[in-house]
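The structure file start-v1.pdb is reproduced below (PDB, C-alpha atoms).
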```pdb
ATOM      1  CA  MET L   1     -16.919 -18.839 -37.265
ATOM      2  CA  SER L   2     -17.198 -19.814 -33.647
ATOM      3  CA  GLU L   3     -14.418 -19.099 -31.203
ATOM      4  CA  VAL L   4     -11.183 -20.751 -32.284
ATOM      5  CA  LYS L   5      -9.887 -23.255 -29.745
ATOM      6  CA  ILE L   6      -6.128 -23.741 -29.424
ATOM      7  CA  ARG L   7      -4.816 -27.033 -28.073
ATOM      8  CA  TRP L   8      -1.830 -29.328 -28.369
ATOM      9  CA  ALA L   9      -1.836 -31.666 -31.347
ATOM     10  CA  GLU L  10      -2.641 -35.336 -31.024
ATOM     11  CA  ALA L  11      -1.544 -38.207 -33.259
ATOM     12  CA  THR L  12      -5.094 -38.390 -34.640
ATOM     13  CA  ASP L  13      -4.625 -34.885 -36.143
ATOM     14  CA  ASP L  14      -2.058 -36.194 -38.629
ATOM     15  CA  ALA L  15      -4.300 -36.398 -41.718
ATOM     16  CA  ALA L  16      -5.925 -32.994 -41.152
ATOM     17  CA  LEU L  17      -2.563 -31.316 -40.570
ATOM     18  CA  LEU L  18      -1.031 -33.005 -43.600
ATOM     19  CA  GLU L  19      -3.877 -31.649 -45.753
ATOM     20  CA  ILE L  20      -3.273 -28.130 -44.416
ATOM     21  CA  GLU L  21       0.467 -28.475 -45.006
ATOM     22  CA  LEU L  22       0.050 -29.667 -48.592
ATOM     23  CA  THR L  23      -2.452 -26.969 -49.569
ATOM     24  CA  SER L  24      -1.248 -23.907 -47.648
ATOM     25  CA  TRP L  25       2.185 -23.232 -49.055
ATOM     26  CA  ASP L  26       3.387 -21.940 -52.393
ATOM     27  CA  GLY L  27       6.660 -20.488 -53.672
ATOM     28  CA  SER L  28       5.994 -17.158 -51.926
ATOM     29  CA  SER L  29       5.757 -18.766 -48.509
ATOM     30  CA  GLY L  30       7.444 -22.170 -48.508
ATOM     31  CA  PHE L  31       9.854 -24.521 -50.180
ATOM     32  CA  PRO L  32       8.318 -26.479 -53.086
ATOM     33  CA  SER L  33      10.985 -29.197 -52.682
ATOM     34  CA  TYR L  34       9.914 -29.755 -49.066
ATOM     35  CA  LEU L  35       6.318 -30.363 -50.083
ATOM     36  CA  GLU L  36       7.394 -32.806 -52.781
ATOM     37  CA  LYS L  37       9.061 -34.940 -50.102
ATOM     38  CA  MET L  38       6.314 -34.735 -47.447
ATOM     39  CA  GLY L  39       5.163 -38.302 -47.809
ATOM     40  CA  ASP L  40       2.002 -39.477 -46.119
ATOM     41  CA  THR L  41       2.507 -38.149 -42.592
ATOM     42  CA  PHE L  42       2.622 -34.667 -41.148
ATOM     43  CA  PHE L  43       4.455 -35.737 -38.028
ATOM     44  CA  GLY L  44       7.562 -37.005 -39.841
ATOM     45  CA  ARG L  45       9.558 -33.881 -38.966
ATOM     46  CA  SER L  46       8.459 -33.466 -35.351
ATOM     47  CA  GLY L  47       5.761 -35.046 -33.223
ATOM     48  CA  PRO L  48       2.427 -33.799 -31.925
ATOM     49  CA  GLU L  49       4.073 -32.398 -28.790
ATOM     50  CA  ALA L  50       5.668 -29.628 -30.891
ATOM     51  CA  HIS L  51       2.417 -28.419 -32.457
ATOM     52  CA  LEU L  52      -0.300 -26.094 -31.315
ATOM     53  CA  VAL L  53      -3.489 -26.746 -33.277
ATOM     54  CA  ALA L  54      -6.378 -24.402 -34.004
ATOM     55  CA  GLU L  55      -9.868 -25.886 -34.120
ATOM     56  CA  ASP L  56     -13.100 -24.299 -35.285
ATOM     57  CA  ASP L  57     -16.227 -26.298 -34.380
ATOM     58  CA  GLY L  58     -14.072 -29.398 -33.932
ATOM     59  CA  VAL L  59     -12.365 -29.014 -37.327
ATOM     60  CA  VAL L  60      -8.583 -28.553 -37.417
ATOM     61  CA  VAL L  61      -7.953 -25.293 -39.302
ATOM     62  CA  GLY L  62      -4.331 -24.462 -38.518
ATOM     63  CA  TYR L  63      -1.140 -25.236 -36.652
ATOM     64  CA  LEU L  64       1.980 -23.653 -35.231
ATOM     65  CA  ARG L  65       5.180 -25.663 -34.708
ATOM     66  CA  LEU L  66       6.948 -24.491 -31.532
ATOM     67  CA  GLU L  67      10.380 -25.892 -30.726
ATOM     68  CA  ASN L  68      13.560 -25.044 -28.874
ATOM     69  CA  LYS L  69      15.686 -23.055 -31.285
ATOM     70  CA  TYR L  70      18.962 -24.451 -30.000
ATOM     71  CA  PRO L  71      19.906 -27.954 -28.800
ATOM     72  CA  PHE L  72      22.456 -26.679 -26.270
ATOM     73  CA  PRO L  73      22.082 -25.037 -22.829
ATOM     74  CA  GLU L  74      23.476 -21.658 -23.858
ATOM     75  CA  GLY L  75      20.498 -21.217 -26.186
ATOM     76  CA  ALA L  76      17.899 -22.134 -23.583
ATOM     77  CA  GLY L  77      15.109 -19.610 -23.421
ATOM     78  CA  VAL L  78      14.835 -19.027 -27.144
ATOM     79  CA  LEU L  79      11.983 -20.820 -28.869
ATOM     80  CA  ALA L  80      11.444 -21.025 -32.607
ATOM     81  CA  ILE L  81       8.244 -20.980 -34.578
ATOM     82  CA  ASN L  82       9.189 -23.446 -37.288
ATOM     83  CA  GLY L  83       5.952 -23.322 -39.213
ATOM     84  CA  LEU L  84       2.550 -21.714 -39.048
ATOM     85  CA  ALA L  85      -0.199 -22.537 -41.521
ATOM     86  CA  VAL L  86      -3.929 -21.950 -41.725
ATOM     87  CA  ALA L  87      -6.342 -23.782 -44.013
ATOM     88  CA  LYS L  88      -7.296 -21.553 -46.946
ATOM     89  CA  ALA L  89     -10.983 -21.653 -45.998
ATOM     90  CA  ALA L  90     -10.191 -20.327 -42.503
ATOM     91  CA  ARG L  91      -7.872 -17.463 -43.460
ATOM     92  CA  GLY L  92      -8.703 -13.921 -42.477
ATOM     93  CA  ARG L  93     -10.634 -15.020 -39.392
ATOM     94  CA  GLY L  94      -7.998 -14.607 -36.682
ATOM     95  CA  VAL L  95      -6.724 -18.185 -36.605
ATOM     96  CA  ALA L  96      -3.045 -17.302 -37.123
ATOM     97  CA  GLY L  97      -3.285 -14.535 -34.535
ATOM     98  CA  ALA L  98      -4.806 -16.926 -32.010
ATOM     99  CA  LEU L  99      -1.967 -19.382 -32.635
ATOM    100  CA  LEU L 100       0.661 -16.652 -32.172
ATOM    101  CA  THR L 101      -0.979 -15.496 -28.944
ATOM    102  CA  ALA L 102      -1.025 -19.073 -27.642
ATOM    103  CA  ALA L 103       2.633 -19.544 -28.633
ATOM    104  CA  GLY L 104       3.575 -16.404 -26.709
ATOM    105  CA  ALA L 105       1.694 -17.611 -23.631
ATOM    106  CA  GLU L 106       3.341 -21.016 -23.856
ATOM    107  CA  ALA L 107       6.789 -19.482 -24.285
ATOM    108  CA  ARG L 108       6.269 -17.295 -21.228
ATOM    109  CA  SER L 109       5.078 -20.290 -19.203
ATOM    110  CA  ARG L 110       8.331 -22.061 -20.114
ATOM    111  CA  GLY L 111      10.364 -19.068 -18.991
ATOM    112  CA  ALA L 112      11.516 -18.236 -22.519
ATOM    113  CA  ARG L 113      12.941 -14.798 -23.188
ATOM    114  CA  LYS L 114      12.435 -14.777 -26.950
ATOM    115  CA  LEU L 115      10.435 -16.247 -29.825
ATOM    116  CA  SER L 116      12.121 -16.362 -33.219
ATOM    117  CA  LEU L 117      10.957 -17.223 -36.732
ATOM    118  CA  HIS L 118      11.900 -17.000 -40.392
ATOM    119  CA  VAL L 119       9.669 -15.650 -43.140
ATOM    120  CA  PHE L 120      10.237 -15.030 -46.831
ATOM    121  CA  GLY L 121      10.519 -11.381 -47.753
ATOM    122  CA  SER L 122       7.908 -12.061 -50.444
ATOM    123  CA  ASN L 123       5.337 -13.202 -47.865
ATOM    124  CA  THR L 124       3.990  -9.744 -47.062
ATOM    125  CA  ALA L 125       0.755 -10.979 -45.451
ATOM    126  CA  ALA L 126       2.711 -13.070 -42.939
ATOM    127  CA  ARG L 127       5.139 -10.235 -42.275
ATOM    128  CA  ARG L 128       2.265  -7.864 -41.477
ATOM    129  CA  LEU L 129       0.706 -10.469 -39.179
ATOM    130  CA  TYR L 130       3.937 -10.973 -37.244
ATOM    131  CA  GLU L 131       4.577  -7.241 -36.969
ATOM    132  CA  ARG L 132       1.037  -6.693 -35.606
ATOM    133  CA  HIS L 133       1.932  -9.205 -32.901
ATOM    134  CA  GLY L 134       5.095  -7.361 -31.918
ATOM    135  CA  TYR L 135       7.712  -9.235 -33.935
ATOM    136  CA  VAL L 136      10.560  -7.151 -35.314
ATOM    137  CA  VAL L 137      13.059  -7.860 -38.082
ATOM    138  CA  GLU L 138      16.410  -8.847 -36.611
ATOM    139  CA  ALA L 139      18.159  -9.862 -39.824
ATOM    140  CA  VAL L 140      17.698  -9.982 -43.571
ATOM    141  CA  HIS L 141      19.480 -12.650 -45.590
ATOM    142  CA  THR L 142      19.317 -11.091 -49.044
ATOM    143  CA  SER L 143      18.616 -13.391 -52.015
ATOM    144  CA  GLU L 144      18.907 -16.391 -49.696
ATOM    145  CA  PHE L 145      16.732 -18.799 -51.672
ATOM    146  CA  LEU L 146      16.120 -19.526 -55.341
ATOM    147  CA  ILE L 147      12.452 -20.406 -55.768
ATOM    148  CA  ASP L 148      10.429 -20.582 -58.966
ATOM    149  CA  GLY L 149      13.268 -19.012 -60.957
ATOM    150  CA  GLY L 150      13.755 -15.983 -58.717
ATOM    151  CA  THR L 151      15.492 -15.154 -55.483
ATOM    152  CA  THR L 152      13.773 -14.327 -52.228
ATOM    153  CA  ASP L 153      15.060 -12.854 -49.022
ATOM    154  CA  ASP L 154      14.916 -14.752 -45.741
ATOM    155  CA  LEU L 155      13.908 -12.505 -42.855
ATOM    156  CA  VAL L 156      14.538 -13.374 -39.217
ATOM    157  CA  LEU L 157      11.877 -11.912 -36.935
ATOM    158  CA  ALA L 158      11.723 -12.110 -33.172
ATOM    159  CA  LEU L 159       9.519 -11.218 -30.249
ATOM    160  CA  THR L 160      11.247 -10.397 -26.975
ATOM    161  CA  LEU L 161       9.121 -11.662 -24.102
TER     162      LEU L 161
END
```

Let's see the structure in the file written out as structure tokens.
Amino acid sequence: MSEVKIRWAEATDDAALLEIELTSWDGSSGFPSYLEKMGDTFFGRSGPEAHLVAEDDGVVVGYLRLENKYPFPEGAGVLAINGLAVAKAARGRGVAGALLTAAGAEARSRGARKLSLHVFGSNTAARRLYERHGYVVEAVHTSEFLIDGGTTDDLVLALTL
């Protein structure tokens, strides 16, 4: 793998990001009902301006969705990571870490004081990744979701900048 390049998404990334979205999640990391309703565009939820993209040799291999957590002034300064996915073929090569590092740099450049995210308690690989990058558990919502016939906890993690 060459050096991963992180950049802002463009509209032309839609098909590549949709493919990553549809093949990266399962019941241990995402909501099956969400994937069933994805449709034929990745940018239906939020536009390219909300997505950092990882490229390896010009191929899109991952994304991170970075948005304001709150729509009101009192919540200014808190950004949310509302999705991070890496193509299966590119996993284990530092892509997610590069995206998290870029998100932290972007948050700091915006004057944010905190980055926040949610992760399923069952997604131990993601939890370890976030913890290696300084995220700490702020809350546990026990048995929050019913997925594939079992419950899973929703963990709120945050990085203070």

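The two atoms in question, atom CA of L:Ser46 and atom CA of L:Glu67, are spaced 9.1 Å apart.
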
Applied to this file, what does the PyMOL selection byres ((chain L and resi 157) around 10) return in terms of residues, put as a ChimeraX atom specification?
-> /L:115-119,127,130-131,134-140,154-156,158-159

Measure the distance from atom CA of L:Ala87 to atom CA of L:Thr41 in Å and round it to one decimal.
->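 Here the two named atoms are 16.9 Å from each other.
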
Residues returned when the PyMOL selection byres ((chain L and resi 97-113) around 7) runs on this file, as number ranges by chain = L: 6, 54, 64, 77-79, 94-96, 114, 160-161

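Considering the residues L:Glu144, L:Val60, L:Ala50, L:Thr151 and counting all atoms listed in the file, L:Ala15 has its shortest atom-to-atom contact with L:Val60.
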
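Distances from L:Leu22, L:Pro48, L:Gly92, L:Asp153 to L:Gly121 were compared using all atoms listed in the file, and the smallest one belongs to L:Asp153.
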
Once you add 3 Å to each side, what are the centre and edge lengths of the axis-aligned box holding all listed atoms of stretch 42-57 of chain L? One decimal in Å, as JSON, if you can.
```
{"center_x": -3.3, "center_y": -30.7, "center_z": -35.0, "size_x": 31.8, "size_y": 18.7, "size_z": 18.4}
```

Using only C-alpha atoms, find the one residue out of L:Phe72, L:Phe31, L:Trp8, L:Trp25 that sits nearest to L:His51.
-> L:Trp8

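Closest to L:Gly58 among L:Ile147, L:Arg7, L:Leu129, L:Ile20 is L:Arg7, based on only C-alpha atoms.
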
Have a look at atom CA of L:Val4 and atom CA of L:Phe42 and let me know their distance in Å, one decimal.
-> 21.5 Å

With a distance cut-off of 10 Å and all atoms listed in the file, select the neighbouring residues of L:Gly47, excluding the residue or stretch itself and same-chain residues fewer than 4 positions from it, and output the selection as a list in words.
->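 Counting only the stated atoms, we get Ala9, Glu10, Ala11, Asp14, Phe42, Phe43, His51 and Arg65 of chain L.
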
Any idea what's packed within 8 Å of L:Val86, counting all atoms listed in the file, ignoring anything in its chain fewer than 2 positions away? Could you give it as a list in words?
-> Ile20, Ser24, Val61, Gly62, Tyr63, Leu84, Lys88, Ala90, Arg91, Val95 and Ala96 of chain L

Model the absent atoms of stretch 68-91 of chain L so that N, CA, C and O atoms are present, and write the result as a PDB file, in the frame of the given file.
```pdb
ATOM      1  N   ASN L  68      12.348 -25.716 -29.330  1.00  0.00           N
ATOM      2  CA  ASN L  68      13.560 -25.044 -28.874  1.00  0.00           C
ATOM      3  C   ASN L  68      14.378 -24.681 -30.100  1.00  0.00           C
ATOM      4  O   ASN L  68      14.533 -25.491 -31.020  1.00  0.00           O
ATOM      5  N   LYS L  69      14.898 -23.467 -30.130  1.00  0.00           N
ATOM      6  CA  LYS L  69      15.686 -23.055 -31.285  1.00  0.00           C
ATOM      7  C   LYS L  69      17.053 -23.730 -31.292  1.00  0.00           C
ATOM      8  O   LYS L  69      17.568 -24.070 -32.344  1.00  0.00           O
ATOM      9  N   TYR L  70      17.609 -23.909 -30.094  1.00  0.00           N
ATOM     10  CA  TYR L  70      18.962 -24.451 -30.000  1.00  0.00           C
ATOM     11  C   TYR L  70      18.975 -25.727 -29.169  1.00  0.00           C
ATOM     12  O   TYR L  70      18.273 -25.827 -28.160  1.00  0.00           O
ATOM     13  N   PRO L  71      19.840 -26.684 -29.543  1.00  0.00           N
ATOM     14  CA  PRO L  71      19.906 -27.954 -28.800  1.00  0.00           C
ATOM     15  C   PRO L  71      20.926 -27.945 -27.669  1.00  0.00           C
ATOM     16  O   PRO L  71      21.263 -28.985 -27.131  1.00  0.00           O
ATOM     17  N   PHE L  72      21.435 -26.752 -27.306  1.00  0.00           N
ATOM     18  CA  PHE L  72      22.456 -26.679 -26.270  1.00  0.00           C
ATOM     19  C   PHE L  72      22.027 -25.673 -25.196  1.00  0.00           C
ATOM     20  O   PHE L  72      21.230 -24.778 -25.454  1.00  0.00           O
ATOM     21  N   PRO L  73      22.556 -25.832 -23.963  1.00  0.00           N
ATOM     22  CA  PRO L  73      22.082 -25.037 -22.829  1.00  0.00           C
ATOM     23  C   PRO L  73      22.232 -23.528 -22.998  1.00  0.00           C
ATOM     24  O   PRO L  73      21.430 -22.763 -22.488  1.00  0.00           O
ATOM     25  N   GLU L  74      23.258 -23.095 -23.708  1.00  0.00           N
ATOM     26  CA  GLU L  74      23.476 -21.658 -23.858  1.00  0.00           C
ATOM     27  C   GLU L  74      22.343 -20.977 -24.642  1.00  0.00           C
ATOM     28  O   GLU L  74      22.136 -19.781 -24.527  1.00  0.00           O
ATOM     29  N   GLY L  75      21.615 -21.757 -25.414  1.00  0.00           N
ATOM     30  CA  GLY L  75      20.498 -21.217 -26.186  1.00  0.00           C
ATOM     31  C   GLY L  75      19.145 -21.414 -25.519  1.00  0.00           C
ATOM     32  O   GLY L  75      18.114 -21.071 -26.103  1.00  0.00           O
ATOM     33  N   ALA L  76      19.163 -21.925 -24.295  1.00  0.00           N
ATOM     34  CA  ALA L  76      17.899 -22.134 -23.583  1.00  0.00           C
ATOM     35  C   ALA L  76      17.179 -20.798 -23.436  1.00  0.00           C
ATOM     36  O   ALA L  76      17.801 -19.758 -23.233  1.00  0.00           O
ATOM     37  N   GLY L  77      15.891 -20.829 -23.561  1.00  0.00           N
ATOM     38  CA  GLY L  77      15.109 -19.610 -23.421  1.00  0.00           C
ATOM     39  C   GLY L  77      14.747 -18.959 -24.732  1.00  0.00           C
ATOM     40  O   GLY L  77      14.054 -17.941 -24.752  1.00  0.00           O
ATOM     41  N   VAL L  78      15.217 -19.526 -25.827  1.00  0.00           N
ATOM     42  CA  VAL L  78      14.835 -19.027 -27.144  1.00  0.00           C
ATOM     43  C   VAL L  78      14.068 -20.138 -27.847  1.00  0.00           C
ATOM     44  O   VAL L  78      14.586 -21.237 -28.056  1.00  0.00           O
ATOM     45  N   LEU L  79      12.820 -19.864 -28.155  1.00  0.00           N
ATOM     46  CA  LEU L  79      11.983 -20.820 -28.869  1.00  0.00           C
ATOM     47  C   LEU L  79      11.822 -20.368 -30.304  1.00  0.00           C
ATOM     48  O   LEU L  79      11.860 -19.170 -30.603  1.00  0.00           O
ATOM     49  N   ALA L  80      11.620 -21.322 -31.194  1.00  0.00           N
ATOM     50  CA  ALA L  80      11.444 -21.025 -32.607  1.00  0.00           C
ATOM     51  C   ALA L  80      10.063 -21.459 -33.075  1.00  0.00           C
ATOM     52  O   ALA L  80       9.593 -22.542 -32.714  1.00  0.00           O
ATOM     53  N   ILE L  81       9.462 -20.612 -33.859  1.00  0.00           N
ATOM     54  CA  ILE L  81       8.244 -20.980 -34.578  1.00  0.00           C
ATOM     55  C   ILE L  81       8.729 -21.491 -35.921  1.00  0.00           C
ATOM     56  O   ILE L  81       9.199 -20.727 -36.763  1.00  0.00           O
ATOM     57  N   ASN L  82       8.664 -22.800 -36.085  1.00  0.00           N
ATOM     58  CA  ASN L  82       9.189 -23.446 -37.288  1.00  0.00           C
ATOM     59  C   ASN L  82       8.073 -23.873 -38.226  1.00  0.00           C
ATOM     60  O   ASN L  82       8.156 -24.905 -38.873  1.00  0.00           O
ATOM     61  N   GLY L  83       7.062 -23.078 -38.303  1.00  0.00           N
ATOM     62  CA  GLY L  83       5.952 -23.322 -39.213  1.00  0.00           C
ATOM     63  C   GLY L  83       4.650 -22.841 -38.622  1.00  0.00           C
ATOM     64  O   GLY L  83       4.393 -23.047 -37.431  1.00  0.00           O
ATOM     65  N   LEU L  84       3.885 -22.154 -39.428  1.00  0.00           N
ATOM     66  CA  LEU L  84       2.550 -21.714 -39.048  1.00  0.00           C
ATOM     67  C   LEU L  84       1.737 -21.732 -40.330  1.00  0.00           C
ATOM     68  O   LEU L  84       2.128 -21.113 -41.318  1.00  0.00           O
ATOM     69  N   ALA L  85       0.643 -22.464 -40.326  1.00  0.00           N
ATOM     70  CA  ALA L  85      -0.199 -22.537 -41.521  1.00  0.00           C
ATOM     71  C   ALA L  85      -1.663 -22.588 -41.110  1.00  0.00           C
ATOM     72  O   ALA L  85      -2.012 -23.162 -40.080  1.00  0.00           O
ATOM     73  N   VAL L  86      -2.486 -21.971 -41.938  1.00  0.00           N
ATOM     74  CA  VAL L  86      -3.929 -21.950 -41.725  1.00  0.00           C
ATOM     75  C   VAL L  86      -4.593 -22.429 -43.007  1.00  0.00           C
ATOM     76  O   VAL L  86      -4.203 -22.033 -44.109  1.00  0.00           O
ATOM     77  N   ALA L  87      -5.592 -23.290 -42.854  1.00  0.00           N
ATOM     78  CA  ALA L  87      -6.342 -23.782 -44.013  1.00  0.00           C
ATOM     79  C   ALA L  87      -6.888 -22.590 -44.791  1.00  0.00           C
ATOM     80  O   ALA L  87      -7.333 -21.595 -44.207  1.00  0.00           O
ATOM     81  N   LYS L  88      -6.862 -22.675 -46.105  1.00  0.00           N
ATOM     82  CA  LYS L  88      -7.296 -21.553 -46.946  1.00  0.00           C
ATOM     83  C   LYS L  88      -8.704 -21.088 -46.592  1.00  0.00           C
ATOM     84  O   LYS L  88      -8.978 -19.894 -46.557  1.00  0.00           O
ATOM     85  N   ALA L  89      -9.595 -22.011 -46.303  1.00  0.00           N
ATOM     86  CA  ALA L  89     -10.983 -21.653 -45.998  1.00  0.00           C
ATOM     87  C   ALA L  89     -11.127 -20.905 -44.685  1.00  0.00           C
ATOM     88  O   ALA L  89     -12.142 -20.251 -44.445  1.00  0.00           O
ATOM     89  N   ALA L  90     -10.115 -20.963 -43.816  1.00  0.00           N
ATOM     90  CA  ALA L  90     -10.191 -20.327 -42.503  1.00  0.00           C
ATOM     91  C   ALA L  90      -9.354 -19.053 -42.409  1.00  0.00           C
ATOM     92  O   ALA L  90      -9.293 -18.429 -41.352  1.00  0.00           O
ATOM     93  N   ARG L  91      -8.737 -18.643 -43.496  1.00  0.00           N
ATOM     94  CA  ARG L  91      -7.872 -17.463 -43.460  1.00  0.00           C
ATOM     95  C   ARG L  91      -8.690 -16.185 -43.300  1.00  0.00           C
ATOM     96  O   ARG L  91      -9.826 -16.098 -43.726  1.00  0.00           O
TER      97      ARG L  91
END
```
